[in-house]
Structure formats: structure tokens, C-alpha cells
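Structure data (mmCIF, C-alpha atoms) from coords17.cif:
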data_work
loop_
_atom_site.label_atom_id
_atom_site.label_comp_id
_atom_site.auth_asym_id
_atom_site.auth_seq_id
_atom_site.Cartn_x
_atom_site.Cartn_y
_atom_site.Cartn_z
CA MET A 1 53.65 -32.19 31.29
CA LYS A 2 53.66 -31.07 27.65
CA PRO A 3 50.39 -30.95 25.69
CA ARG A 4 49.86 -33.80 23.24
CA VAL A 5 49.23 -33.05 19.57
CA ALA A 6 48.08 -35.74 17.17
CA ILE A 7 49.26 -35.18 13.58
CA ASN A 8 47.31 -37.08 10.95
CA LEU A 9 49.81 -38.48 8.42
CA PHE A 10 47.59 -40.95 6.55
CA ALA A 11 47.99 -39.04 3.27
CA ALA A 12 51.74 -39.71 3.08
CA HIS A 13 52.65 -42.15 0.32
CA LYS A 14 55.89 -43.68 -0.94
CA ILE A 15 55.28 -42.07 -4.32
CA GLN A 16 55.63 -38.56 -2.97
CA THR A 17 53.71 -35.57 -4.36
CA GLY A 18 53.30 -32.05 -2.97
CA ILE A 19 51.13 -32.98 0.00
CA GLY A 20 53.39 -35.91 0.87
CA THR A 21 56.35 -33.52 0.78
CA TYR A 22 54.50 -31.24 3.22
CA LEU A 23 53.87 -34.11 5.66
CA THR A 24 57.43 -35.44 5.66
CA GLY A 25 58.85 -31.90 5.66
CA LEU A 26 56.73 -30.81 8.64
CA ILE A 27 57.76 -33.82 10.75
CA ASP A 28 61.41 -33.34 9.77
CA GLY A 29 61.09 -29.69 10.78
CA PHE A 30 59.70 -30.67 14.18
CA SER A 31 62.65 -33.04 14.64
CA ARG A 32 65.06 -30.10 14.23
CA ILE A 33 63.55 -27.54 16.62
CA LYS A 34 62.89 -27.33 20.34
CA LEU A 35 59.34 -28.54 20.98
CA ASN A 36 56.91 -27.26 23.58
CA PHE A 37 54.46 -30.06 22.83
CA GLU A 38 54.56 -33.83 22.45
CA PRO A 39 53.82 -34.97 18.88
CA VAL A 40 51.83 -38.16 18.34
CA LEU A 41 52.26 -39.30 14.74
CA ILE A 42 49.13 -40.95 13.35
CA ILE A 43 50.28 -43.44 10.70
CA ASN A 44 49.24 -46.57 8.85
CA LYS A 45 51.41 -49.39 7.53
CA GLU A 46 52.81 -47.34 4.66
CA GLY A 47 53.39 -44.38 6.97
CA LYS A 48 55.37 -46.53 9.36
CA GLU A 49 57.91 -47.08 6.61
CA ILE A 50 57.89 -43.46 5.38
CA PHE A 51 58.41 -41.98 8.87
CA ARG A 52 60.59 -44.78 10.26
CA ARG A 53 63.56 -42.45 10.97
CA TYR A 54 61.34 -40.39 13.36
CA LEU A 55 59.66 -43.24 15.25
CA ASN A 56 62.41 -43.43 17.89
CA LYS A 57 62.15 -39.70 18.50
CA PHE A 58 58.35 -39.23 18.53
CA GLU A 59 55.45 -41.23 19.90
CA TYR A 60 53.31 -42.77 17.20
CA PHE A 61 49.98 -44.51 16.83
CA LEU A 62 49.73 -47.26 14.22
CA ALA A 63 46.14 -47.26 13.00
CA PRO A 64 44.19 -50.45 12.18
CA LYS A 65 44.73 -52.33 8.90
CA ILE A 66 41.58 -50.80 7.43
CA THR A 67 43.54 -47.55 6.93
CA ASN A 68 45.88 -49.22 4.43
CA THR A 69 43.36 -48.41 1.66
CA ILE A 70 41.99 -44.95 0.87
CA LYS A 71 38.34 -45.96 1.28
CA GLY A 72 39.11 -47.75 4.55
CA ARG A 73 41.10 -44.78 5.83
CA VAL A 74 38.25 -42.35 5.14
CA PHE A 75 35.76 -44.65 6.86
CA TYR A 76 38.04 -45.02 9.90
CA GLU A 77 38.70 -41.28 10.15
CA HIS A 78 34.99 -40.53 10.50
CA THR A 79 34.14 -43.42 12.85
CA LYS A 80 36.55 -45.12 15.27
CA PHE A 81 39.39 -42.57 14.97
CA ASN A 82 37.83 -40.21 17.52
CA LYS A 83 37.64 -42.97 20.13
CA ASP A 84 41.30 -43.87 19.56
CA LEU A 85 42.32 -40.21 19.93
CA LYS A 86 40.55 -40.05 23.31
CA LYS A 87 42.48 -43.11 24.49
CA LYS A 88 45.74 -41.36 23.59
CA GLY A 89 44.81 -38.27 25.66
CA ILE A 90 45.13 -35.85 22.76
CA ASP A 91 44.89 -32.09 23.45
CA LEU A 92 44.85 -31.02 19.80
CA LEU A 93 44.38 -32.74 16.43
CA HIS A 94 46.15 -31.45 13.32
CA SER A 95 44.15 -32.58 10.28
CA THR A 96 46.81 -32.02 7.66
CA VAL A 97 44.91 -32.62 4.40
CA PHE A 98 41.66 -30.69 3.81
CA VAL A 99 39.31 -32.66 6.09
CA SER A 100 38.94 -33.42 9.81
CA PRO A 101 36.92 -36.27 11.39
CA MET A 102 33.18 -35.62 11.51
CA ASN A 103 32.76 -36.86 15.08
CA TYR A 104 35.88 -35.19 16.58
CA LYS A 105 34.86 -32.46 19.04
CA GLY A 106 38.18 -31.40 20.56
CA LYS A 107 40.53 -28.56 19.63
CA GLY A 108 41.75 -28.75 16.07
CA ILE A 109 43.78 -27.20 13.29
CA LEU A 110 43.21 -27.88 9.59
CA THR A 111 45.59 -27.45 6.64
CA ILE A 112 44.13 -26.54 3.25
CA HIS A 113 46.56 -26.88 0.35
CA ASP A 114 44.38 -25.37 -2.39
CA THR A 115 40.71 -24.67 -3.15
CA THR A 116 40.40 -26.53 -6.46
CA PHE A 117 37.89 -29.09 -5.20
CA ILE A 118 35.44 -26.19 -4.83
CA THR A 119 36.71 -23.52 -7.25
CA HIS A 120 38.03 -25.75 -10.08
CA PRO A 121 36.08 -29.05 -9.79
CA GLN A 122 36.66 -29.83 -13.50
CA TYR A 123 40.24 -30.77 -12.65
CA HIS A 124 39.19 -33.64 -10.35
CA ILE A 125 37.48 -36.99 -10.64
CA PRO A 126 33.78 -37.03 -9.58
CA GLN A 127 34.26 -38.96 -6.31
CA LYS A 128 36.76 -36.44 -4.99
CA ARG A 129 34.67 -33.48 -6.11
CA LEU A 130 31.64 -34.70 -4.16
CA TYR A 131 33.53 -35.72 -1.02
CA PHE A 132 35.67 -32.60 -0.62
CA LYS A 133 32.98 -30.16 -1.67
CA LYS A 134 30.88 -31.47 1.20
CA MET A 135 33.60 -32.06 3.79
CA ILE A 136 35.89 -29.01 3.42
CA PRO A 137 33.23 -26.44 4.51
CA ARG A 138 32.28 -28.65 7.46
CA SER A 139 35.94 -28.97 8.48
CA VAL A 140 36.55 -25.20 8.22
CA ARG A 141 33.61 -24.59 10.60
CA LYS A 142 34.80 -27.19 13.13
CA ASN A 143 38.46 -26.29 13.51
CA ASN A 144 39.93 -23.52 15.70
CA LYS A 145 42.37 -22.45 13.00
CA VAL A 146 42.89 -23.19 9.31
CA VAL A 147 46.36 -23.10 7.74
CA ALA A 148 46.68 -21.87 4.15
CA ILE A 149 50.00 -22.75 2.54
CA SER A 150 50.25 -19.55 0.47
CA GLU A 151 48.86 -16.03 0.69
CA ASN A 152 47.01 -16.69 -2.56
CA THR A 153 45.34 -19.78 -1.10
CA LYS A 154 44.45 -17.81 2.01
CA LYS A 155 42.71 -15.17 -0.15
CA ASP A 156 40.82 -17.88 -2.01
CA ILE A 157 39.66 -19.50 1.25
CA ILE A 158 38.50 -16.14 2.61
CA LYS A 159 36.42 -15.61 -0.54
CA LEU A 160 34.79 -18.99 -0.01
CA PHE A 161 34.32 -18.66 3.77
CA PRO A 162 34.30 -14.94 4.67
CA LYS A 163 32.41 -15.66 7.89
CA TYR A 164 35.47 -17.52 9.26
CA LYS A 165 38.11 -15.03 8.11
CA SER A 166 39.69 -14.78 11.60
CA LYS A 167 40.51 -18.51 11.55
CA PHE A 168 42.80 -18.43 8.54
CA VAL A 169 46.57 -18.34 8.99
CA TYR A 170 49.31 -18.36 6.33
CA ILE A 171 52.14 -20.84 6.91
CA PRO A 172 54.10 -21.77 3.76
CA TYR A 173 55.82 -25.00 2.82
CA GLY A 174 59.56 -25.34 3.32
CA ILE A 175 62.27 -26.76 1.08
CA ASN A 176 64.37 -29.85 1.68
CA GLN A 177 68.10 -29.13 1.94
CA ILE A 178 68.89 -31.84 -0.63
CA PHE A 179 68.03 -29.31 -3.36
CA ASN A 180 70.76 -26.89 -2.18
CA ARG A 181 73.62 -29.36 -1.95
CA ASP A 182 76.41 -29.74 -4.49
CA ILE A 183 76.18 -32.83 -6.69
CA SER A 184 79.32 -34.37 -8.19
CA GLU A 185 79.69 -34.64 -11.96
CA LYS A 186 80.08 -38.39 -11.54
CA LYS A 187 76.66 -38.70 -9.88
CA LEU A 188 75.06 -36.49 -12.55
CA LYS A 189 76.55 -38.61 -15.35
CA GLY A 190 75.41 -41.79 -13.63
CA PHE A 191 71.89 -40.37 -13.30
CA ASN A 192 71.85 -39.43 -17.00
CA LYS A 193 72.94 -42.90 -17.98
CA LYS A 194 70.40 -44.67 -15.74
CA TYR A 195 67.43 -42.75 -17.17
CA HIS A 196 68.81 -42.42 -20.74
CA LEU A 197 68.35 -38.67 -20.62
CA PRO A 198 68.96 -36.57 -23.75
CA ASP A 199 71.88 -34.13 -23.81
CA LYS A 200 69.55 -31.10 -23.86
CA PHE A 201 66.06 -31.09 -22.46
CA ILE A 202 63.26 -28.97 -21.02
CA LEU A 203 61.79 -30.41 -17.82
CA TYR A 204 58.34 -30.74 -16.26
CA VAL A 205 57.97 -32.41 -12.83
CA GLY A 206 54.60 -33.29 -11.33
CA VAL A 207 51.57 -35.53 -11.60
CA LEU A 208 50.18 -35.82 -15.12
CA GLU A 209 46.75 -34.22 -14.70
CA PRO A 210 44.73 -31.48 -16.46
CA ARG A 211 45.34 -28.71 -13.91
CA LYS A 212 49.08 -28.75 -14.65
CA ASN A 213 48.48 -27.66 -18.28
CA ILE A 214 50.75 -30.31 -19.79
CA ASP A 215 48.59 -30.07 -22.91
CA GLY A 216 49.69 -26.43 -23.18
CA ILE A 217 53.35 -27.36 -22.63
CA ILE A 218 53.20 -29.88 -25.49
CA SER A 219 51.46 -27.43 -27.84
CA ALA A 220 54.09 -24.77 -27.11
CA PHE A 221 56.94 -27.28 -27.39
CA SER A 222 55.64 -28.48 -30.76
CA GLU A 223 56.23 -24.98 -32.18
CA PHE A 224 59.50 -24.55 -30.28
CA ALA A 225 60.89 -27.86 -31.62
CA LYS A 226 60.64 -26.66 -35.24
CA ASN A 227 63.56 -24.29 -34.60
CA PHE A 228 65.37 -26.30 -31.89
CA PRO A 229 65.27 -29.93 -33.12
CA ASP A 230 68.09 -31.08 -30.81
CA ILE A 231 66.20 -30.15 -27.59
CA LYS A 232 63.70 -32.59 -26.11
CA LEU A 233 60.93 -32.37 -23.51
CA VAL A 234 61.10 -34.61 -20.42
CA LEU A 235 57.98 -35.23 -18.32
CA ALA A 236 58.70 -36.65 -14.86
CA GLY A 237 55.84 -37.77 -12.63
CA GLN A 238 53.24 -40.45 -12.18
CA LYS A 239 50.12 -40.67 -14.33
CA GLY A 240 47.23 -39.01 -12.53
CA TRP A 241 43.68 -38.57 -13.79
CA TYR A 242 42.63 -37.82 -17.38
CA TYR A 243 46.25 -38.27 -18.51
CA GLU A 244 45.36 -40.24 -21.68
CA LYS A 245 44.85 -37.05 -23.74
CA ILE A 246 48.46 -36.06 -23.09
CA PHE A 247 49.90 -39.13 -24.83
CA LYS A 248 47.31 -38.93 -27.59
CA LYS A 249 48.40 -35.34 -28.31
CA ILE A 250 52.07 -36.37 -28.39
CA ARG A 251 51.22 -39.01 -31.01
CA ASN A 252 49.00 -36.67 -33.04
CA LEU A 253 51.72 -34.00 -33.19
CA LYS A 254 54.29 -36.67 -34.12
CA LEU A 255 56.45 -35.85 -31.10
CA ASP A 256 57.05 -39.44 -29.96
CA ASN A 257 60.80 -39.13 -30.48
CA LYS A 258 60.91 -35.64 -28.91
CA VAL A 259 58.90 -36.10 -25.69
CA MET A 260 60.05 -38.51 -22.99
CA HIS A 261 57.99 -39.66 -19.99
CA LEU A 262 60.19 -40.85 -17.12
CA GLY A 263 57.38 -41.73 -14.74
CA HIS A 264 57.92 -41.25 -11.02
CA ILE A 265 61.44 -40.28 -9.92
CA ASP A 266 62.51 -40.96 -6.34
CA TYR A 267 62.38 -37.73 -4.35
CA VAL A 268 66.06 -37.88 -3.35
CA LEU A 269 67.05 -38.02 -7.02
CA LEU A 270 65.01 -35.00 -8.12
CA PRO A 271 67.87 -32.49 -7.52
CA ARG A 272 69.93 -34.34 -10.13
CA LEU A 273 67.12 -34.11 -12.65
CA TYR A 274 66.65 -30.37 -12.11
CA ARG A 275 70.41 -29.77 -12.41
CA LYS A 276 70.60 -31.50 -15.80
CA ALA A 277 67.66 -29.63 -17.36
CA LEU A 278 68.05 -26.54 -19.56
CA PHE A 279 65.10 -25.08 -17.67
CA PHE A 280 61.96 -26.10 -15.82
CA ILE A 281 58.47 -25.39 -17.16
CA TYR A 282 55.31 -25.26 -15.04
CA PRO A 283 52.47 -23.18 -16.60
CA SER A 284 49.81 -24.59 -14.28
CA PHE A 285 46.25 -23.26 -14.40
CA TYR A 286 46.08 -23.14 -10.59
CA GLU A 287 48.39 -24.00 -7.68
CA GLY A 288 47.94 -23.83 -3.94
CA PHE A 289 51.71 -23.44 -3.62
CA GLY A 290 53.77 -24.90 -6.50
CA MET A 291 56.45 -26.96 -4.76
CA PRO A 292 58.35 -27.96 -7.95
CA VAL A 293 58.90 -24.26 -8.72
CA LEU A 294 60.67 -23.83 -5.36
CA GLU A 295 62.64 -27.08 -5.79
CA SER A 296 63.78 -26.02 -9.25
CA MET A 297 64.92 -22.57 -8.08
CA ALA A 298 66.83 -24.14 -5.19
CA SER A 299 68.52 -26.49 -7.70
CA ASN A 300 69.85 -23.63 -9.89
CA CYS A 301 67.44 -24.49 -12.69
CA PRO A 302 65.75 -21.53 -14.45
CA VAL A 303 61.95 -21.53 -14.29
CA ILE A 304 59.04 -20.71 -16.58
CA THR A 305 55.76 -20.70 -14.68
CA SER A 306 52.29 -19.14 -14.56
CA GLY A 307 51.93 -15.49 -13.66
CA ILE A 308 48.73 -16.33 -11.81
CA SER A 309 47.73 -18.04 -8.53
CA SER A 310 50.44 -18.86 -6.01
CA THR A 311 53.32 -19.65 -8.38
CA LYS A 312 53.90 -15.93 -8.98
CA GLU A 313 53.84 -15.33 -5.23
CA ILE A 314 56.29 -18.15 -4.51
CA ALA A 315 58.76 -17.38 -7.32
CA LYS A 316 58.62 -13.55 -7.01
CA ASN A 317 61.35 -12.24 -9.35
CA GLY A 318 63.03 -15.65 -9.68
CA ALA A 319 61.08 -16.94 -12.71
CA LEU A 320 59.89 -16.03 -16.18
CA PHE A 321 56.09 -15.70 -16.03
CA VAL A 322 53.57 -16.63 -18.73
CA ASP A 323 49.82 -16.67 -19.23
CA PRO A 324 48.99 -20.41 -19.10
CA GLN A 325 46.24 -19.89 -21.68
CA ASN A 326 48.59 -18.22 -24.18
CA ILE A 327 50.48 -20.89 -26.14
CA PRO A 328 52.57 -18.47 -28.29
CA GLU A 329 53.67 -16.72 -25.07
CA ILE A 330 54.81 -20.05 -23.58
CA THR A 331 56.70 -20.88 -26.80
CA ASN A 332 58.36 -17.47 -26.76
CA ALA A 333 59.44 -17.96 -23.13
CA MET A 334 61.02 -21.30 -24.13
CA VAL A 335 62.97 -19.57 -26.89
CA LYS A 336 64.13 -16.80 -24.51
CA LEU A 337 65.52 -19.22 -21.93
CA THR A 338 67.24 -21.24 -24.65
CA THR A 339 68.96 -18.31 -26.36
CA ASP A 340 69.47 -15.64 -23.68
CA ASN A 341 72.25 -16.69 -21.29
CA ASN A 342 72.12 -13.40 -19.39
CA LEU A 343 68.46 -14.00 -18.58
CA ARG A 344 69.19 -17.59 -17.57
CA ASN A 345 71.95 -16.55 -15.17
CA LYS A 346 69.86 -13.73 -13.74
CA LEU A 347 66.96 -16.09 -13.02
CA ILE A 348 69.27 -18.72 -11.49
CA LYS A 349 70.69 -16.17 -9.00
CA ARG A 350 67.30 -14.67 -8.16
CA GLY A 351 65.67 -18.09 -7.85
CA GLN A 352 68.37 -19.38 -5.54
CA LYS A 353 68.02 -16.33 -3.31
CA ARG A 354 64.23 -16.64 -3.18
CA ALA A 355 64.35 -20.38 -2.41
CA SER A 356 66.74 -19.72 0.51
CA GLU A 357 63.90 -17.89 2.30
CA PHE A 358 62.00 -21.16 2.83
CA SER A 359 62.82 -23.99 5.26
CA TRP A 360 60.92 -26.75 7.03
CA GLU A 361 62.31 -25.52 10.36
CA LYS A 362 60.53 -22.19 9.80
CA THR A 363 57.34 -24.02 8.83
CA ALA A 364 57.59 -26.18 11.96
CA GLU A 365 58.24 -23.18 14.25
CA ARG A 366 55.24 -21.27 12.91
CA THR A 367 53.04 -24.37 13.15
CA GLN A 368 54.13 -25.02 16.73
CA LYS A 369 53.33 -21.41 17.64
CA LEU A 370 49.82 -21.90 16.27
CA TYR A 371 49.40 -25.17 18.21
CA MET A 372 50.33 -23.48 21.46
CA GLU A 373 48.01 -20.51 20.85
CA ILE A 374 45.05 -22.85 20.40
CA ILE A 375 45.96 -25.11 23.32
CA ASN A 376 46.48 -22.16 25.70
CA ASP A 377 43.37 -20.29 24.58
#
Please express the file's structure as C-alpha cells.
Amino acid sequence: MKPRVAINLFAAHKIQTGIGTYLTGLIDGFSRIKLNFEPVLIINKEGKEIFRRYLNKFEYFLAPKITNTIKGRVFYEHTKFNKDLKKKGIDLLHSTVFVSPMNYKGKGILTIHDTTFITHPQYHIPQKRLYFKKMIPRSVRKNNKVVAISENTKKDIIKLFPKYKSKFVYIPYGINQIFNRDISEKKLKGFNKKYHLPDKFILYVGVLEPRKNIDGIISAFSEFAKNFPDIKLVLAGQKGWYYEKIFKKIRNLKLDNKVMHLGHIDYVLLPRLYRKALFFIYPSFYEGFGMPVLESMASNCPVITSGISSTKEIAKNGALFVDPQNIPEITNAMVKLTTDNNLRNKLIKRGQKRASEFSWEKTAERTQKLYMEIIND
């Protein structure tokens, strides 16, 4: 009889961000490899829809209605969840998003996506700062192993918790194959028409929040636009926290007709958006991984990103790196990728090659190996 591993998928949402991509990617990876364990997907009502294509293949546990809200989910995780896990005969719990249940005493693995709740609290709302600052250290102590999704994140976790250095394991994200596939010109034109995209544009994809340095992108673009009036800036992603300053800055710099906010774009349509952009810009102040950088490279879209934290590690030689604090440097990088076709083509080739090194099957295989090590220990 195969060991049973519960995988907590409560953090998956229809509006998919980086962590949601990790959850769906990991389960998809498990569906494509030979498994030595029996997955038990822990989902709520929203998760049942998100993971519906896997529910015939894997056992799942539909949690009570209380988990349909974030507050209710957190309450459930630290109270009745442990009792429900016991009923399911679980051998290992994978807590996939920063925190594991307080009253769970069995074998466990924890995934940490970044350390910003502790190292960069200014980028988060107060409630999250307090909760994660308290719960992450407790979860690190409790679990047998802790997965860091980049080498940079692993280093940051070791600095925070040197006593538990032996627990930390690096397992990176993968990349969905939709970003590698050819897209017909007809589909690209239809996408352009649907979203009223400009002929030439620079692209940002991600939640609108301070850590992503969108303020810096707009400042740099304001200078860039003086010499390239026909090129616009497109921001794609849902409004996060403290986003109001972004739109205020756009108004103050009189860029209303130059900057376009698309809002959330369905994940399956993102490859089309990357393909239509002149280049992708992502000068984030800190990233645990930087999934849009990988997606952009896989989509043959040149990348400008930060030469710090994990984005430099993920992109390697496949991007043009900038200091996120240096606005003239970001502007200069924009000019380079607009005017230097040799550089553009070089980055496209290098980025494509680098992106090909990542897959959700590899992520799933490495995660399974870790499961089995803990279970058999």
C-alpha cells in the first residue's frame, strides 16, 4: 500500500498569481509522472473547480464551507483540520504556502516562496505581517523539511533560521508548456483586438503592489516616452495593496494616454500578451522566484529585470539586468531594447534556452523524492 500524502491547496484561486501557478503546476506535474505515493488533494469549493481535471485521477478531500473565506480557512487549518487529516490516514502533510497547522504533529514538509513577510514587512498589509511573522518560524521548526523555491530564497531562509539549516531544500518552480507553443497570427490579432492593445508596447505582468517597483517603471517610462512617443506601457495584473499611488503617479506625470492597465488576464492567454510585447519589464525590489520572468523568456519576449534577489538567478544570461533603485539605468535599458535588435535577438535565444531547463515534471519528481525520504526516515 502506497503512503498517503495530503497536499494543502487552499491558496489556489481562479485569479492566478505566482503561488497559484505553483499549486496547479505541482499537481499537473504529479499527474504526468509515475507516483510512489497516493496524493490526497485538500481543496475548498473554489479549489474543486480549479483542480477539476485532476479529481478523477487523484483522491481529494473537500473541506467544510468555512474554508471558502480566507479568515475561515485560517481558522479551520489551525483547529479541525488536524482531526480531518487523521480520519484520512495521512502519512505526510505538504503545507504548500508558508504555514502549517499549529496542532498537526505528524510528518510534514513546508514550502516557503519568499521571506518578505519577515525581511521586507513594509511591502505587506499589517494583518499579513503579524500573522506570517509569528507563524513562519513556528512552521519551520515543526516540519521535517522546508522547500525553498530558489537558491536565493534558500540563502535568505538560512540567514533567518541558521539552526535549521539541514532542513532546507531547493526545488524550483516549473513552467507551463503553453508558453512554448506556437500561436497563430490569427489568434494574436484577435487577442489584440479584444484588449485594444497598442501597436507597440512595453509590458509588465503581475499584481500591482509596492514590492514590484511599478512606481520605478512609470518614472523610467516617463523619461523614455519623451523620445519614443509611439510606444506605450501596458500593466497587466489585478490591483493588490497600496496600488492607489501608481494611478496617482500616472495622472501627475500626464501619462494617462500612454499607460494602459488591462487588469487580470486569464492565465491561458498570457502567452499571447508576452508575444505581442516589445519587451517585458520587471525591476522588482525582491522576488522569491520571479515567475513572469520565466514565462516571458519561454514566450520569446526579451526581459529587463532586477540584478538582485532571485530574478538574476532565474534569468541567468537571458535578461538585461538593472538596479531597481536606479531610474536612469532602467530608462537606459528600455532604450537599448527598443533600438538594439542584435541585443533583442540575443536575449530571446538565451532566454528561451534558459526557460527550457524548467518543467513541472522536474518539480514534481524532486518533490516526490523529498516526500519519500521523509516518509521512509
Next on the checklist: Set the distance at 12 Å and use all atoms listed in the file: which residues neighbour Ile178 in chain A once local chain neighbours fewer than 6 positions away are removed? I'd like the list as a PyMOL selection string.
Outcome noted: chain A and resi 25+267-272+274+295-296+298-299+359
Checklist entry - So, counting only C-alpha atoms, which residue among A:Pro210, A:Pro328, A:Tyr173, A:Pro126 is closest to Glu244 in chain A? => result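 Smallest separation from Glu244 in chain A among the options: A:Pro210.
Here CA of Val259 in chain A stands at a distance of 19.5 Å from CA of Pro292 in chain A.
Residue nearest Arg32 in chain A within the list A:His113, A:Lys362, A:Lys249, A:Lys2: A:Lys362 [criterion: smallest interatomic distance, only C-alpha atoms].
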Item to check | Resolved residues for the PyMOL selection byres ((chain A and resi 170) around 8) as a ChimeraX atom specification | outcome: /A:147-151,154,168-169,171-172
Atoms to include: C-alpha atoms. Write the selected residues as a PDB file, in the frame of the given file.
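Resulting contents of result03.pdb:
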ATOM      1  CA  VAL A 147      46.360 -23.100   7.740  1.00  0.00           C
ATOM      2  CA  ALA A 148      46.680 -21.870   4.150  1.00  0.00           C
ATOM      3  CA  ILE A 149      50.000 -22.750   2.540  1.00  0.00           C
ATOM      4  CA  SER A 150      50.250 -19.550   0.470  1.00  0.00           C
ATOM      5  CA  GLU A 151      48.860 -16.030   0.690  1.00  0.00           C
ATOM      6  CA  LYS A 154      44.450 -17.810   2.010  1.00  0.00           C
ATOM      7  CA  PHE A 168      42.800 -18.430   8.540  1.00  0.00           C
ATOM      8  CA  VAL A 169      46.570 -18.340   8.990  1.00  0.00           C
ATOM      9  CA  ILE A 171      52.140 -20.840   6.910  1.00  0.00           C
ATOM     10  CA  PRO A 172      54.100 -21.770   3.760  1.00  0.00           C
TER      11      PRO A 172
END
Place N, CA and C atoms on range 40-55 of chain A and deliver the coordinates as a compact mmCIF listing (two decimals), keeping the file's coordinate frame.
# COMPACT_ATOMS: atom_id res chain seq x y z
N VAL A 40 52.27 -36.77 18.48
CA VAL A 40 51.83 -38.16 18.34
C VAL A 40 51.54 -38.37 16.86
N LEU A 41 52.40 -39.11 16.17
CA LEU A 41 52.26 -39.30 14.74
C LEU A 41 51.20 -40.37 14.46
N ILE A 42 50.19 -40.01 13.70
CA ILE A 42 49.13 -40.95 13.35
C ILE A 42 49.46 -41.54 11.99
N ILE A 43 49.81 -42.82 11.94
CA ILE A 43 50.28 -43.44 10.70
C ILE A 43 49.60 -44.78 10.45
N ASN A 44 49.67 -45.21 9.19
CA ASN A 44 49.24 -46.57 8.85
C ASN A 44 50.49 -47.37 8.46
N LYS A 45 50.29 -48.52 7.86
CA LYS A 45 51.41 -49.39 7.53
C LYS A 45 52.42 -48.69 6.61
N GLU A 46 51.93 -48.04 5.59
CA GLU A 46 52.81 -47.34 4.66
C GLU A 46 53.53 -46.19 5.36
N GLY A 47 52.80 -45.48 6.22
CA GLY A 47 53.39 -44.38 6.97
C GLY A 47 54.49 -44.83 7.91
N LYS A 48 54.35 -46.02 8.44
CA LYS A 48 55.37 -46.53 9.36
C LYS A 48 56.72 -46.65 8.65
N GLU A 49 56.67 -47.00 7.39
CA GLU A 49 57.91 -47.08 6.61
C GLU A 49 58.42 -45.69 6.23
N ILE A 50 57.50 -44.80 5.82
CA ILE A 50 57.89 -43.46 5.38
C ILE A 50 58.52 -42.66 6.52
N PHE A 51 57.95 -42.79 7.73
CA PHE A 51 58.41 -41.98 8.87
C PHE A 51 59.30 -42.77 9.83
N ARG A 52 59.85 -43.87 9.36
CA ARG A 52 60.59 -44.78 10.26
C ARG A 52 61.74 -44.08 10.99
N ARG A 53 62.40 -43.11 10.34
CA ARG A 53 63.56 -42.45 10.97
C ARG A 53 63.14 -41.56 12.15
N TYR A 54 61.82 -41.26 12.28
CA TYR A 54 61.34 -40.39 13.36
C TYR A 54 60.64 -41.16 14.48
N LEU A 55 60.47 -42.48 14.30
CA LEU A 55 59.66 -43.24 15.25
C LEU A 55 60.36 -43.47 16.59
